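Here is data38.cif, consisting of mmCIF, C-alpha atoms:
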```
data_structure
#
loop_
_atom_site.label_atom_id
_atom_site.label_comp_id
_atom_site.auth_asym_id
_atom_site.auth_seq_id
_atom_site.Cartn_x
_atom_site.Cartn_y
_atom_site.Cartn_z
CA MET A 285 98.56 115.03 96.83
CA PHE A 286 95.38 114.54 94.87
CA ASN A 287 93.78 117.02 92.50
CA THR A 288 90.43 118.25 93.81
CA ARG A 289 88.92 117.81 90.34
CA ILE A 290 89.13 114.04 90.67
CA LYS A 291 85.70 112.43 90.62
CA THR A 292 85.18 108.72 90.75
CA LYS A 293 82.59 106.72 88.87
CA LYS A 294 78.98 107.42 89.67
CA LEU A 295 77.93 103.86 90.27
CA GLU A 296 75.04 102.44 92.28
CA ILE A 297 77.22 100.55 94.72
CA LYS A 298 75.99 100.32 98.28
CA ALA A 299 77.85 99.18 101.35
CA SER A 300 76.56 95.89 102.74
CA PRO A 301 76.25 95.11 106.49
CA SER A 302 79.13 92.68 105.98
CA ASP A 303 81.32 95.41 104.52
CA ARG A 304 80.55 97.66 107.46
CA ALA A 305 81.30 94.88 109.94
CA ASN A 306 84.63 94.08 108.31
CA ASP A 307 85.49 97.77 108.09
CA MET A 308 84.73 98.21 111.79
CA ARG A 309 86.85 95.18 112.55
CA GLY A 310 89.74 96.54 110.46
CA ILE A 311 89.45 100.01 111.97
CA ASN A 312 89.38 98.48 115.45
CA GLN A 313 92.64 96.66 114.73
CA LEU A 314 94.21 99.89 113.49
CA ALA A 315 93.01 101.77 116.56
CA VAL A 316 94.56 99.17 118.87
CA ASP A 317 97.82 99.31 116.94
CA ALA A 318 97.77 103.11 117.00
CA VAL A 319 97.28 103.30 120.77
CA THR A 320 100.04 100.73 121.32
CA GLY A 321 102.37 102.52 118.91
CA LEU A 322 101.70 105.90 120.51
CA THR A 323 102.38 104.39 123.92
CA ASP A 324 105.75 103.16 122.63
CA ILE A 325 106.63 106.65 121.37
CA VAL A 326 105.62 108.36 124.62
CA GLU A 327 107.50 105.82 126.74
CA ALA A 328 110.60 106.16 124.55
CA LEU A 329 110.52 109.95 124.92
CA HIS A 330 109.95 109.58 128.67
CA TYR A 331 112.92 107.21 128.90
CA THR A 332 115.13 109.59 126.90
CA ILE A 333 114.28 112.52 129.17
CA LEU A 334 114.98 110.46 132.30
CA SER A 335 118.34 109.33 130.87
CA LEU A 336 119.20 112.94 129.85
CA GLY A 337 119.43 111.93 126.21
CA LEU A 338 122.29 109.51 126.87
CA ASN A 339 120.42 106.41 125.74
CA LYS A 340 122.19 104.89 122.75
CA GLN A 341 120.34 101.58 122.57
CA ASP A 342 118.91 100.57 119.21
CA THR A 343 116.23 98.43 120.88
CA GLN A 344 112.93 99.84 122.11
CA PRO A 345 113.70 101.59 125.45
CA ARG A 346 111.46 100.63 128.39
CA THR A 347 110.96 102.53 131.61
CA ARG A 348 111.07 100.72 134.96
CA GLY A 349 109.28 100.77 138.30
CA VAL A 350 105.82 102.30 138.62
CA THR A 351 106.22 104.17 135.30
CA GLY A 352 107.02 100.99 133.41
CA PHE A 353 104.10 99.23 135.13
CA VAL A 354 101.69 101.92 133.84
CA TYR A 355 102.92 101.65 130.24
CA ARG A 356 102.74 97.84 130.30
CA ASN A 357 99.17 97.93 131.55
CA ILE A 358 98.11 100.37 128.84
CA ARG A 359 99.38 97.93 126.21
CA THR A 360 97.80 94.90 127.91
CA VAL A 361 94.36 96.46 128.37
CA THR A 362 94.34 97.88 124.82
CA ALA A 363 95.21 94.51 123.32
CA PHE A 364 92.64 92.66 125.46
CA VAL A 365 89.75 95.01 124.58
CA GLY A 366 90.77 95.04 120.92
CA ASP A 367 90.78 91.24 120.70
CA LYS A 368 87.30 91.02 122.19
CA ILE A 369 85.85 93.59 119.79
CA ASP A 370 87.65 92.03 116.83
CA PHE A 371 86.21 88.60 117.60
CA SER A 372 82.65 89.97 117.82
CA LEU A 373 82.94 91.87 114.55
CA SER A 374 84.45 88.90 112.71
CA GLN A 375 81.49 86.77 113.82
CA LEU A 376 79.08 89.46 112.58
CA GLY A 377 80.84 89.69 109.20
CA SER A 378 80.76 85.92 108.69
CA ALA A 379 77.07 85.75 109.51
CA LEU A 380 76.02 88.46 107.07
CA GLY A 381 77.96 87.37 103.97
CA GLN A 382 79.81 89.43 101.36
CA HIS A 383 78.31 91.99 98.99
CA GLU A 384 79.47 94.94 96.90
CA SER A 385 81.32 97.85 98.44
CA SER A 386 80.38 101.51 98.64
CA LEU A 387 82.17 104.01 96.41
CA ASN A 388 83.49 106.22 99.21
CA ARG A 389 84.74 103.14 101.02
CA GLU A 390 86.75 102.12 97.92
CA VAL A 391 88.52 105.47 97.81
CA ALA A 392 89.24 105.50 101.55
CA ILE A 393 90.50 101.92 101.60
CA SER A 394 92.73 102.39 98.54
CA MET A 395 94.37 105.42 100.18
CA LEU A 396 94.80 103.51 103.45
CA ASN A 397 96.37 100.59 101.60
CA GLY A 398 98.76 102.91 99.82
CA VAL A 399 100.09 104.17 103.14
CA LEU A 400 99.77 101.02 105.28
CA GLY A 401 99.01 98.18 102.88
CA ASP A 402 101.99 96.00 103.78
CA TYR A 403 101.20 96.42 107.48
CA LEU A 404 97.53 95.56 106.94
CA LEU A 405 98.54 92.31 105.24
CA GLU A 406 101.03 91.46 107.95
CA ARG A 407 98.34 91.95 110.60
CA GLU A 408 95.74 90.07 108.48
CA ASN A 409 93.55 93.16 108.66
CA PRO A 410 90.32 92.76 106.61
CA LEU A 411 90.90 96.20 105.09
CA ALA A 412 93.89 94.89 103.11
CA VAL A 413 93.25 94.91 99.34
CA ILE A 414 93.75 91.69 97.38
CA MET A 415 94.85 91.87 93.73
CA GLN A 416 92.13 91.09 91.19
CA PHE A 417 90.76 92.05 87.77
CA ARG A 418 87.65 94.25 87.99
CA ARG A 419 85.10 96.21 85.96
CA ASP A 420 82.88 98.88 87.52
CA GLY A 421 84.36 98.13 90.91
CA LYS A 422 83.34 94.47 90.85
CA PRO A 423 85.60 91.41 90.54
CA LEU A 424 85.53 89.70 87.15
CA SER A 425 84.68 86.00 87.19
CA ASP A 426 86.19 83.54 84.71
CA VAL A 427 82.96 83.65 82.73
CA ALA A 428 83.00 87.45 82.60
CA LEU A 429 86.66 87.48 81.51
CA ARG A 430 85.96 84.97 78.73
CA ASN A 431 83.01 87.04 77.54
CA LEU A 432 85.15 90.19 77.38
CA ILE A 433 87.83 88.36 75.41
CA GLU A 434 85.30 86.92 72.99
CA LYS A 435 83.50 90.26 72.59
CA SER A 436 86.73 92.06 71.60
CA ASN A 437 88.22 89.14 69.67
CA GLY A 438 91.05 89.07 72.19
CA LYS A 439 91.84 92.80 72.03
CA ILE A 440 92.34 93.60 75.71
CA LEU A 441 93.57 96.79 77.40
CA LEU A 442 94.88 96.28 80.94
CA MET A 443 94.51 99.41 83.08
CA VAL A 444 96.93 99.61 86.05
CA HIS A 445 96.31 102.42 88.56
CA GLY A 446 98.81 104.29 90.72
CA LEU A 447 99.64 104.71 94.39
CA CYS A 448 96.77 105.14 96.88
CA MET A 449 94.24 104.75 94.08
CA ASN A 450 91.83 102.12 92.79
CA ASP A 451 90.36 100.99 89.48
CA LEU A 452 87.31 103.27 89.78
CA GLN A 453 89.49 106.37 89.75
CA TRP A 454 90.34 106.02 86.09
CA GLN A 455 87.13 107.96 85.54
CA VAL A 456 87.54 111.70 86.05
CA ASP A 457 85.07 114.40 85.03
CA GLU A 458 83.05 111.78 83.10
CA HIS A 459 86.15 110.68 81.17
CA ASP A 460 87.74 107.22 81.36
CA HIS A 461 90.64 106.42 79.04
CA GLY A 462 89.56 102.77 78.97
CA VAL A 463 85.96 103.52 78.02
CA GLU A 464 87.04 105.97 75.32
CA LEU A 465 89.56 103.54 73.84
CA ALA A 466 86.90 100.83 73.80
CA ARG A 467 84.66 103.14 71.77
CA ASP A 468 87.38 104.45 69.43
CA LEU A 469 89.67 101.45 68.99
CA GLY A 470 87.63 98.40 69.96
CA TYR A 471 89.54 97.46 73.12
CA GLU A 472 87.88 95.77 76.07
CA PRO A 473 89.38 97.37 79.19
CA ILE A 474 90.16 95.23 82.21
CA TYR A 475 91.03 97.15 85.36
CA LEU A 476 93.60 95.85 87.84
CA HIS A 477 92.86 96.49 91.51
CA TYR A 478 95.81 95.95 93.86
CA ASN A 479 97.34 96.87 97.22
CA THR A 480 99.74 99.72 96.43
CA GLY A 481 101.36 99.52 99.86
CA ARG A 482 103.10 96.23 99.09
CA HIS A 483 106.55 96.08 97.58
CA ILE A 484 106.35 96.80 93.85
CA SER A 485 108.18 93.55 93.09
CA GLU A 486 105.59 91.55 95.06
CA ASN A 487 102.78 93.13 93.09
CA GLY A 488 104.73 92.59 89.86
CA ARG A 489 105.13 88.89 90.55
CA ASP A 490 101.43 88.49 91.37
CA LEU A 491 100.39 90.45 88.29
CA SER A 492 102.47 88.17 86.09
CA SER A 493 100.74 85.13 87.59
CA LEU A 494 97.33 86.76 87.15
CA LEU A 495 98.03 87.52 83.49
CA GLU A 496 99.20 83.96 82.94
CA TYR A 497 95.91 82.81 84.41
CA LEU A 498 94.02 85.15 82.07
CA VAL A 499 95.82 83.69 79.05
CA GLY A 500 95.11 80.19 80.34
CA ILE A 501 91.33 80.62 80.50
CA SER A 502 91.13 82.28 77.07
CA SER A 503 90.02 80.18 74.11
CA GLN A 504 92.00 82.39 71.71
CA PRO A 505 95.29 84.33 71.62
CA LEU A 506 95.19 87.81 73.12
CA SER A 507 96.26 91.11 71.63
CA LEU A 508 97.14 92.75 74.93
CA SER A 509 98.12 96.36 75.58
CA ILE A 510 98.84 97.93 78.98
CA LEU A 511 98.02 101.48 80.08
CA ALA A 512 99.67 102.27 83.41
CA HIS A 513 99.52 105.38 85.57
CA SER A 514 102.31 106.33 87.98
CA MET A 515 103.30 103.38 90.22
CA GLY A 516 101.27 101.14 87.92
CA GLY A 517 104.01 101.45 85.32
CA LEU A 518 106.63 100.14 87.74
CA VAL A 519 104.36 97.24 88.71
CA SER A 520 103.90 96.43 85.00
CA ARG A 521 107.65 96.50 84.29
CA SER A 522 108.19 94.27 87.32
CA ALA A 523 105.57 91.83 85.98
CA PHE A 524 107.57 91.46 82.76
CA TYR A 525 110.71 90.68 84.75
CA TYR A 526 109.03 87.97 86.82
CA GLY A 527 107.12 86.68 83.82
CA GLU A 528 110.40 86.09 82.00
CA LYS A 529 111.87 84.32 85.02
CA ALA A 530 108.81 82.06 85.23
CA LYS A 531 108.71 81.56 81.42
CA HIS A 532 105.12 82.77 81.30
CA THR A 533 103.36 82.74 77.94
CA TRP A 534 101.42 86.01 78.37
CA LEU A 535 104.59 87.93 77.50
CA GLU A 536 104.27 86.87 73.87
CA GLN A 537 100.78 88.35 73.65
CA VAL A 538 101.62 91.91 74.73
CA ASN A 539 101.97 94.46 71.93
CA LYS A 540 102.18 97.87 73.56
CA MET A 541 102.68 99.49 76.93
CA VAL A 542 101.99 103.17 77.67
CA PHE A 543 103.32 104.82 80.84
CA LEU A 544 101.60 107.91 82.27
CA GLY A 545 103.79 109.83 84.73
CA THR A 546 105.60 106.70 85.88
CA PRO A 547 108.53 107.44 88.24
CA HIS A 548 110.96 105.13 86.45
CA HIS A 549 113.82 106.61 88.48
CA GLY A 550 111.95 107.56 91.61
CA ALA A 551 109.91 110.41 93.08
CA ALA A 552 111.33 113.46 94.84
CA LEU A 553 108.78 113.38 97.69
CA GLU A 554 109.93 109.95 98.90
CA LYS A 555 113.57 111.03 98.66
CA GLY A 556 112.64 113.99 100.86
CA GLY A 557 110.83 111.68 103.27
CA ASN A 558 113.97 109.57 103.56
CA LEU A 559 116.01 112.66 104.54
CA ILE A 560 113.43 113.47 107.24
CA ASP A 561 113.88 109.93 108.61
CA VAL A 562 117.62 110.57 108.91
CA LEU A 563 117.19 113.99 110.55
CA LEU A 564 114.68 112.74 113.12
CA GLY A 565 116.88 109.78 113.98
CA SER A 566 119.99 111.91 114.50
CA ASN A 567 118.83 113.49 117.78
CA PRO A 568 117.97 111.46 120.92
CA TYR A 569 114.99 113.69 121.72
CA SER A 570 113.50 113.52 118.21
CA LYS A 571 114.40 109.87 117.68
CA PRO A 572 111.15 108.50 119.23
CA PHE A 573 109.18 110.53 116.67
CA ALA A 574 111.12 108.95 113.79
CA LYS A 575 108.65 106.08 114.14
CA LEU A 576 105.92 108.33 112.76
CA GLY A 577 107.77 108.69 109.46
CA LYS A 578 108.42 104.98 109.30
CA ILE A 579 104.78 103.97 109.16
CA ARG A 580 104.75 104.57 105.40
CA SER A 581 104.44 101.46 103.31
CA ALA A 582 106.98 99.41 101.38
CA GLY A 583 105.29 100.55 98.18
CA ILE A 584 106.01 104.18 99.01
CA THR A 585 109.65 103.61 99.96
CA ASP A 586 110.13 101.66 96.70
CA LEU A 587 109.28 104.92 94.93
CA ARG A 588 112.44 106.57 96.25
CA TYR A 589 114.45 105.33 93.28
CA GLY A 590 111.93 103.18 91.42
CA SER A 591 112.77 99.75 92.87
CA ILE A 592 110.96 96.97 91.02
CA ILE A 593 112.80 93.71 91.82
CA ASP A 594 113.25 91.88 95.13
CA GLU A 595 117.01 92.39 95.18
CA ASP A 596 116.49 96.15 95.39
CA TRP A 597 115.09 95.85 98.93
CA GLN A 598 115.68 92.39 100.39
CA GLY A 599 118.07 92.35 103.34
CA LYS A 600 118.18 96.15 103.49
CA ASP A 601 116.80 98.74 105.88
CA ARG A 602 114.39 100.59 103.62
CA PHE A 603 114.40 103.65 105.90
CA SER A 604 118.18 104.10 106.03
CA TYR A 605 119.81 106.70 103.80
CA THR A 606 121.43 105.03 100.80
CA MET A 607 122.36 106.00 97.30
CA ASP A 608 120.59 104.57 94.27
CA ASN A 609 121.83 100.97 94.08
CA ARG A 610 119.06 99.37 92.06
CA GLY A 611 119.68 96.56 89.66
CA SER A 612 119.44 97.64 86.01
CA LEU A 613 116.33 96.50 84.18
CA ALA A 614 115.74 97.39 80.54
CA LEU A 615 112.37 97.82 78.85
CA PRO A 616 110.82 94.50 77.78
CA ASN A 617 111.92 93.09 74.44
CA GLY A 618 109.35 92.86 71.65
CA VAL A 619 106.97 95.37 73.21
CA HIS A 620 106.42 98.89 71.88
CA CYS A 621 106.84 101.10 74.96
CA TYR A 622 105.69 104.72 75.17
CA THR A 623 106.06 107.19 78.02
CA LEU A 624 104.38 110.47 78.86
CA ALA A 625 105.50 113.13 81.34
CA ALA A 626 103.42 116.01 82.69
CA VAL A 627 104.88 119.36 83.77
CA LYS A 628 103.11 122.03 85.79
CA SER A 629 105.07 124.84 84.16
CA LYS A 630 104.10 126.21 80.75
CA GLU A 631 107.71 126.72 79.66
CA SER A 632 110.75 124.48 79.99
CA THR A 633 112.94 125.49 82.95
CA VAL A 634 115.57 123.69 85.01
CA VAL A 635 113.47 123.92 88.17
CA GLY A 636 110.14 123.22 86.47
CA ASP A 637 111.25 120.16 84.49
CA GLY A 638 114.06 118.90 86.70
CA LEU A 639 112.62 119.37 90.18
CA ILE A 640 108.89 120.12 90.20
CA GLY A 641 107.74 118.17 87.15
CA ASP A 642 104.08 117.24 87.53
CA GLY A 643 104.20 117.82 91.28
CA LEU A 644 105.23 114.25 92.08
CA VAL A 645 107.48 113.03 89.24
CA ASN A 646 110.05 115.08 87.32
CA VAL A 647 110.49 114.89 83.58
CA ASP A 648 113.69 112.82 83.50
CA SER A 649 112.19 110.17 85.78
CA ALA A 650 108.95 109.97 83.79
CA LEU A 651 110.83 109.70 80.48
CA GLY A 652 113.28 107.12 81.83
CA ARG A 653 116.35 109.32 81.43
CA HIS A 654 119.36 108.57 83.64
CA ASN A 655 123.03 109.53 83.65
CA ASP A 656 123.96 105.89 84.20
CA ASP A 657 123.73 104.09 80.86
CA LEU A 658 122.76 100.86 82.63
CA LEU A 659 119.70 102.53 84.21
CA HIS A 660 118.75 104.73 81.26
CA LEU A 661 115.57 103.50 79.52
CA THR A 662 115.80 103.75 75.76
CA PHE A 663 112.40 105.00 74.70
CA PRO A 664 112.56 106.08 71.04
CA GLU A 665 112.20 109.84 70.66
CA HIS A 666 108.79 109.55 68.98
CA HIS A 667 107.62 107.31 71.86
CA GLN A 668 108.04 110.17 74.35
CA TRP A 669 105.79 113.15 74.99
CA ILE A 670 105.68 116.00 77.51
CA GLY A 671 102.36 117.57 78.45
CA ARG A 672 102.77 121.08 79.81
CA ASP A 673 100.53 123.05 82.16
CA MET A 674 99.20 119.85 83.72
CA ASN A 675 99.84 117.89 86.91
CA HIS A 676 100.18 114.23 87.85
CA MET A 677 96.47 113.58 88.14
CA ASP A 678 95.58 115.47 84.95
CA LEU A 679 97.14 112.52 83.10
CA LEU A 680 93.96 110.59 83.87
CA TYR A 681 91.60 112.81 81.91
CA HIS A 682 93.33 115.59 79.96
CA PRO A 683 92.16 115.55 76.30
CA ASP A 684 95.70 116.08 74.97
CA VAL A 685 96.85 113.04 76.94
CA TYR A 686 94.02 110.93 75.56
CA ARG A 687 94.78 111.98 71.99
CA LYS A 688 98.42 110.95 72.46
CA ILE A 689 97.48 107.58 73.94
CA ARG A 690 95.06 106.96 71.09
CA GLN A 691 97.68 107.92 68.51
CA TRP A 692 100.26 105.58 70.03
CA LEU A 693 97.86 102.64 70.23
CA LEU A 694 96.93 103.20 66.58
CA ASP A 695 100.61 103.36 65.58
CA PRO A 696 101.38 100.21 63.56
#
```
For the structure just supplied, provide its representation as structure tokens.
Amino acid sequence: MFNTRIKTKKLEIKASPSDRANDMRGINQLAVDAVTGLTDIVEALHYTILSLGLNKQDTQPRTRGVTGFVYRNIRTVTAFVGDKIDFSLSQLGSALGQHESSLNREVAISMLNGVLGDYLLERENPLAVIMQFRRDGKPLSDVALRNLIEKSNGKILLMVHGLCMNDLQWQVDEHDHGVELARDLGYEPIYLHYNTGRHISENGRDLSSLLEYLVGISSQPLSLSILAHSMGGLVSRSAFYYGEKAKHTWLEQVNKMVFLGTPHHGAALEKGGNLIDVLLGSNPYSKPFAKLGKIRSAGITDLRYGSIIDEDWQGKDRFSYTMDNRGSLALPNGVHCYTLAAVKSKESTVVGDGLIGDGLVNVDSALGRHNDDLLHLTFPEHHQWIGRDMNHMDLLYHPDVYRKIRQWLLDP
């Protein structure tokens, strides 16, 4: 999924004893959940075999007698041992205090949150990422935010990363769009760090509140632009929707928004994953294994069609096979919006542009094109660009991409 050329920032960030204790605690919780979940799958398969595949119950099947006693004891012992370890590690973490994180840990945790972030929050796992503004991998205090605003005279560039990534991964091969735009155009980049496994609408609502807070602590009006990669573009569009509902004032201070490979109308891989869910669930002997496909996060399943408001998922089974029934949501009024698609093929072809795209997002989805006029996003022709012979992750560092971003942000 990720290009091997990706290199994160070379920062002197060391893992503290507290970080390691909390990581061990979080990993312990995941291990307990994994053993319990695997036990459920094995018991369900065992039950199906014993019932000759005639079990049609929707609830979790349980074996009886001595077999059922064994499975129950595995769950009980696993939970008991896990609770004891978790308590000890939480005490250790509290005693040692909080410090900066290690770089490798940031990458691993951001990937874990992309796949299981909603579950980590539900279980109150310490590995769950909390949304915040950061620079160089460190949270920005109110004082630091005010200094950045004052230094740039309010000219702020918000950088919103994509799925399974973090704010440090904007730097690739010594290039960071934010750093370059600060040098060339005088922006001060602020990097959003968030849990990409949550529903996109939940992250959008929180981002709107965070931006309203940023405006509130500023002593001057902002000239705010947003640069969003992949899922980050959907989160940004969602923030506008919830900002309008809440009558937030930050909306009036946004000038431009640039989307890099954003799946405005979904990603083919998640649509394929949904079909696998259906196929596994259609056979009584494969049905227990359908649970393995359903561990993926709410953020990932939102990428099936590009769902960015609560109504797109509330009250629905996100793993069931459904057609695209999203609510229509236009681009924000009063904001100059630009979108960029990458294509792995050097020449335009039906398969290359329409199916493969940049490896994750096809051209129509990235450019907001849709056969339904209500879902079609009306980017002006000169606000669209297709970069050929590049993939989804090349959008983070390719020189042609940077030149286009720079041109658009200079466009009066």
Can you list every residue of range 473-566 of chain A that has an atom at most 6 Å from range 608-622 of chain A, with its nearest atom pair and the distance in Å to one decimal, using only C-alpha atoms, ordered by chain then number, as CSV?
```
residue,atom,partner,partner_atom,distance
A:Asn539,CA,A:Val619,CA,5.2
A:Lys540,CA,A:His620,CA,4.7
A:Met541,CA,A:Cys621,CA,4.9
A:Val542,CA,A:Tyr622,CA,4.7
```
Hits of the PyMOL selection byres ((chain A and resi 583) around 10) in this structure, as a PDB file with C-alpha atoms, in the frame of the given file:
```pdb
ATOM      1  CA  ASN A 397      96.370 100.590 101.600  1.00  0.00           C
ATOM      2  CA  GLY A 398      98.760 102.910  99.820  1.00  0.00           C
ATOM      3  CA  VAL A 399     100.090 104.170 103.140  1.00  0.00           C
ATOM      4  CA  LEU A 400      99.770 101.020 105.280  1.00  0.00           C
ATOM      5  CA  GLY A 401      99.010  98.180 102.880  1.00  0.00           C
ATOM      6  CA  ASP A 402     101.990  96.000 103.780  1.00  0.00           C
ATOM      7  CA  LEU A 447      99.640 104.710  94.390  1.00  0.00           C
ATOM      8  CA  CYS A 448      96.770 105.140  96.880  1.00  0.00           C
ATOM      9  CA  ASN A 479      97.340  96.870  97.220  1.00  0.00           C
ATOM     10  CA  THR A 480      99.740  99.720  96.430  1.00  0.00           C
ATOM     11  CA  GLY A 481     101.360  99.520  99.860  1.00  0.00           C
ATOM     12  CA  ARG A 482     103.100  96.230  99.090  1.00  0.00           C
ATOM     13  CA  HIS A 483     106.550  96.080  97.580  1.00  0.00           C
ATOM     14  CA  ILE A 484     106.350  96.800  93.850  1.00  0.00           C
ATOM     15  CA  SER A 485     108.180  93.550  93.090  1.00  0.00           C
ATOM     16  CA  GLU A 486     105.590  91.550  95.060  1.00  0.00           C
ATOM     17  CA  ASN A 487     102.780  93.130  93.090  1.00  0.00           C
ATOM     18  CA  MET A 515     103.300 103.380  90.220  1.00  0.00           C
ATOM     19  CA  ARG A 580     104.750 104.570 105.400  1.00  0.00           C
ATOM     20  CA  SER A 581     104.440 101.460 103.310  1.00  0.00           C
ATOM     21  CA  ALA A 582     106.980  99.410 101.380  1.00  0.00           C
ATOM     22  CA  ILE A 584     106.010 104.180  99.010  1.00  0.00           C
ATOM     23  CA  THR A 585     109.650 103.610  99.960  1.00  0.00           C
ATOM     24  CA  ASP A 586     110.130 101.660  96.700  1.00  0.00           C
ATOM     25  CA  LEU A 587     109.280 104.920  94.930  1.00  0.00           C
ATOM     26  CA  ARG A 588     112.440 106.570  96.250  1.00  0.00           C
ATOM     27  CA  GLY A 590     111.930 103.180  91.420  1.00  0.00           C
ATOM     28  CA  SER A 591     112.770  99.750  92.870  1.00  0.00           C
ATOM     29  CA  ILE A 592     110.960  96.970  91.020  1.00  0.00           C
TER      30      ILE A 592
END
```
Of the residues A:His654, A:Lys688, A:His513, A:His682, which is the one nearest to Leu442 in chain A, using only C-alpha atoms?
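Closest candidate: A:His513.
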Just give me the gap between CA of Gly545 in chain A and CA of Asp657 in chain A in Å, one decimal is fine.
21.1 Å
How many Å separate CA of Leu404 in chain A from CA of Ile510 in chain A?
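CA of Ile510 in chain A lies 28.1 Å from CA of Leu404 in chain A.
Here the selection is built from all atoms listed in the file, and the residues within 10 Å of (85.9, 95.5, 88.8) turn out to be Gln416, Phe417, Arg418, Arg419, Asp420, Gly421, Lys422, Pro423, Leu424, Ser425, Asn450, Asp451, Leu452, Ile474, Tyr475, Leu476 and His477 of chain A.
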Save out the residues we just selected, C-alpha atoms, as a PDB file, in the coordinates of the input.
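For reference, again.pdb as written:
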```pdb
ATOM      1  CA  GLN A 416      92.130  91.090  91.190  1.00  0.00           C
ATOM      2  CA  PHE A 417      90.760  92.050  87.770  1.00  0.00           C
ATOM      3  CA  ARG A 418      87.650  94.250  87.990  1.00  0.00           C
ATOM      4  CA  ARG A 419      85.100  96.210  85.960  1.00  0.00           C
ATOM      5  CA  ASP A 420      82.880  98.880  87.520  1.00  0.00           C
ATOM      6  CA  GLY A 421      84.360  98.130  90.910  1.00  0.00           C
ATOM      7  CA  LYS A 422      83.340  94.470  90.850  1.00  0.00           C
ATOM      8  CA  PRO A 423      85.600  91.410  90.540  1.00  0.00           C
ATOM      9  CA  LEU A 424      85.530  89.700  87.150  1.00  0.00           C
ATOM     10  CA  SER A 425      84.680  86.000  87.190  1.00  0.00           C
ATOM     11  CA  ASN A 450      91.830 102.120  92.790  1.00  0.00           C
ATOM     12  CA  ASP A 451      90.360 100.990  89.480  1.00  0.00           C
ATOM     13  CA  LEU A 452      87.310 103.270  89.780  1.00  0.00           C
ATOM     14  CA  ILE A 474      90.160  95.230  82.210  1.00  0.00           C
ATOM     15  CA  TYR A 475      91.030  97.150  85.360  1.00  0.00           C
ATOM     16  CA  LEU A 476      93.600  95.850  87.840  1.00  0.00           C
ATOM     17  CA  HIS A 477      92.860  96.490  91.510  1.00  0.00           C
TER      18      HIS A 477
END
```
Which value, in Å to one decimal, gives the distance between CA of Leu511 in chain A and CA of Phe543 in chain A?
6.3 Å
Can you turn the PyMOL selection byres ((chain A and resi 690) around 12) into a concrete residue list for this file, as a PyMOL selection string?
chain A and resi 461-471+509+511+540+542+622+683-689+691-696
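Each of A:Ile593, A:Met443, A:Val499, A:Met674 was compared to Lys529 in chain A using all atoms listed in the file, and A:Ile593 turns out to be the nearest.
Minimum atom-to-atom distances from A:Asn431, A:Gln504, A:Asn646, A:Gln455 to His676 in chain A were compared using only C-alpha atoms, and the lowest value belongs to A:Asn646.
The smallest atom-to-atom distance between Met415 in chain A and any of A:Leu506, A:Leu535, A:Leu491, A:Leu651, using all atoms listed in the file, is found for A:Leu491.
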When the PyMOL selection byres ((chain A and resi 681) around 7) is applied to the file above, which residues end up in the set, as an mmCIF file with C-alpha atoms, in the frame of the given file?
```
data_model
loop_
_atom_site.group_PDB
_atom_site.id
_atom_site.type_symbol
_atom_site.label_atom_id
_atom_site.label_comp_id
_atom_site.auth_asym_id
_atom_site.auth_seq_id
_atom_site.Cartn_x
_atom_site.Cartn_y
_atom_site.Cartn_z
ATOM 1 C CA VAL A 456 87.540 111.700 86.050
ATOM 2 C CA HIS A 459 86.150 110.680 81.170
ATOM 3 C CA ASP A 460 87.740 107.220 81.360
ATOM 4 C CA ASP A 678 95.580 115.470 84.950
ATOM 5 C CA LEU A 679 97.140 112.520 83.100
ATOM 6 C CA LEU A 680 93.960 110.590 83.870
ATOM 7 C CA HIS A 682 93.330 115.590 79.960
ATOM 8 C CA PRO A 683 92.160 115.550 76.300
#
```
One residue among A:His660, A:Gly446, A:Phe603, A:His667 is nearest to Leu644 in chain A when using only C-alpha atoms, and that residue is A:Gly446
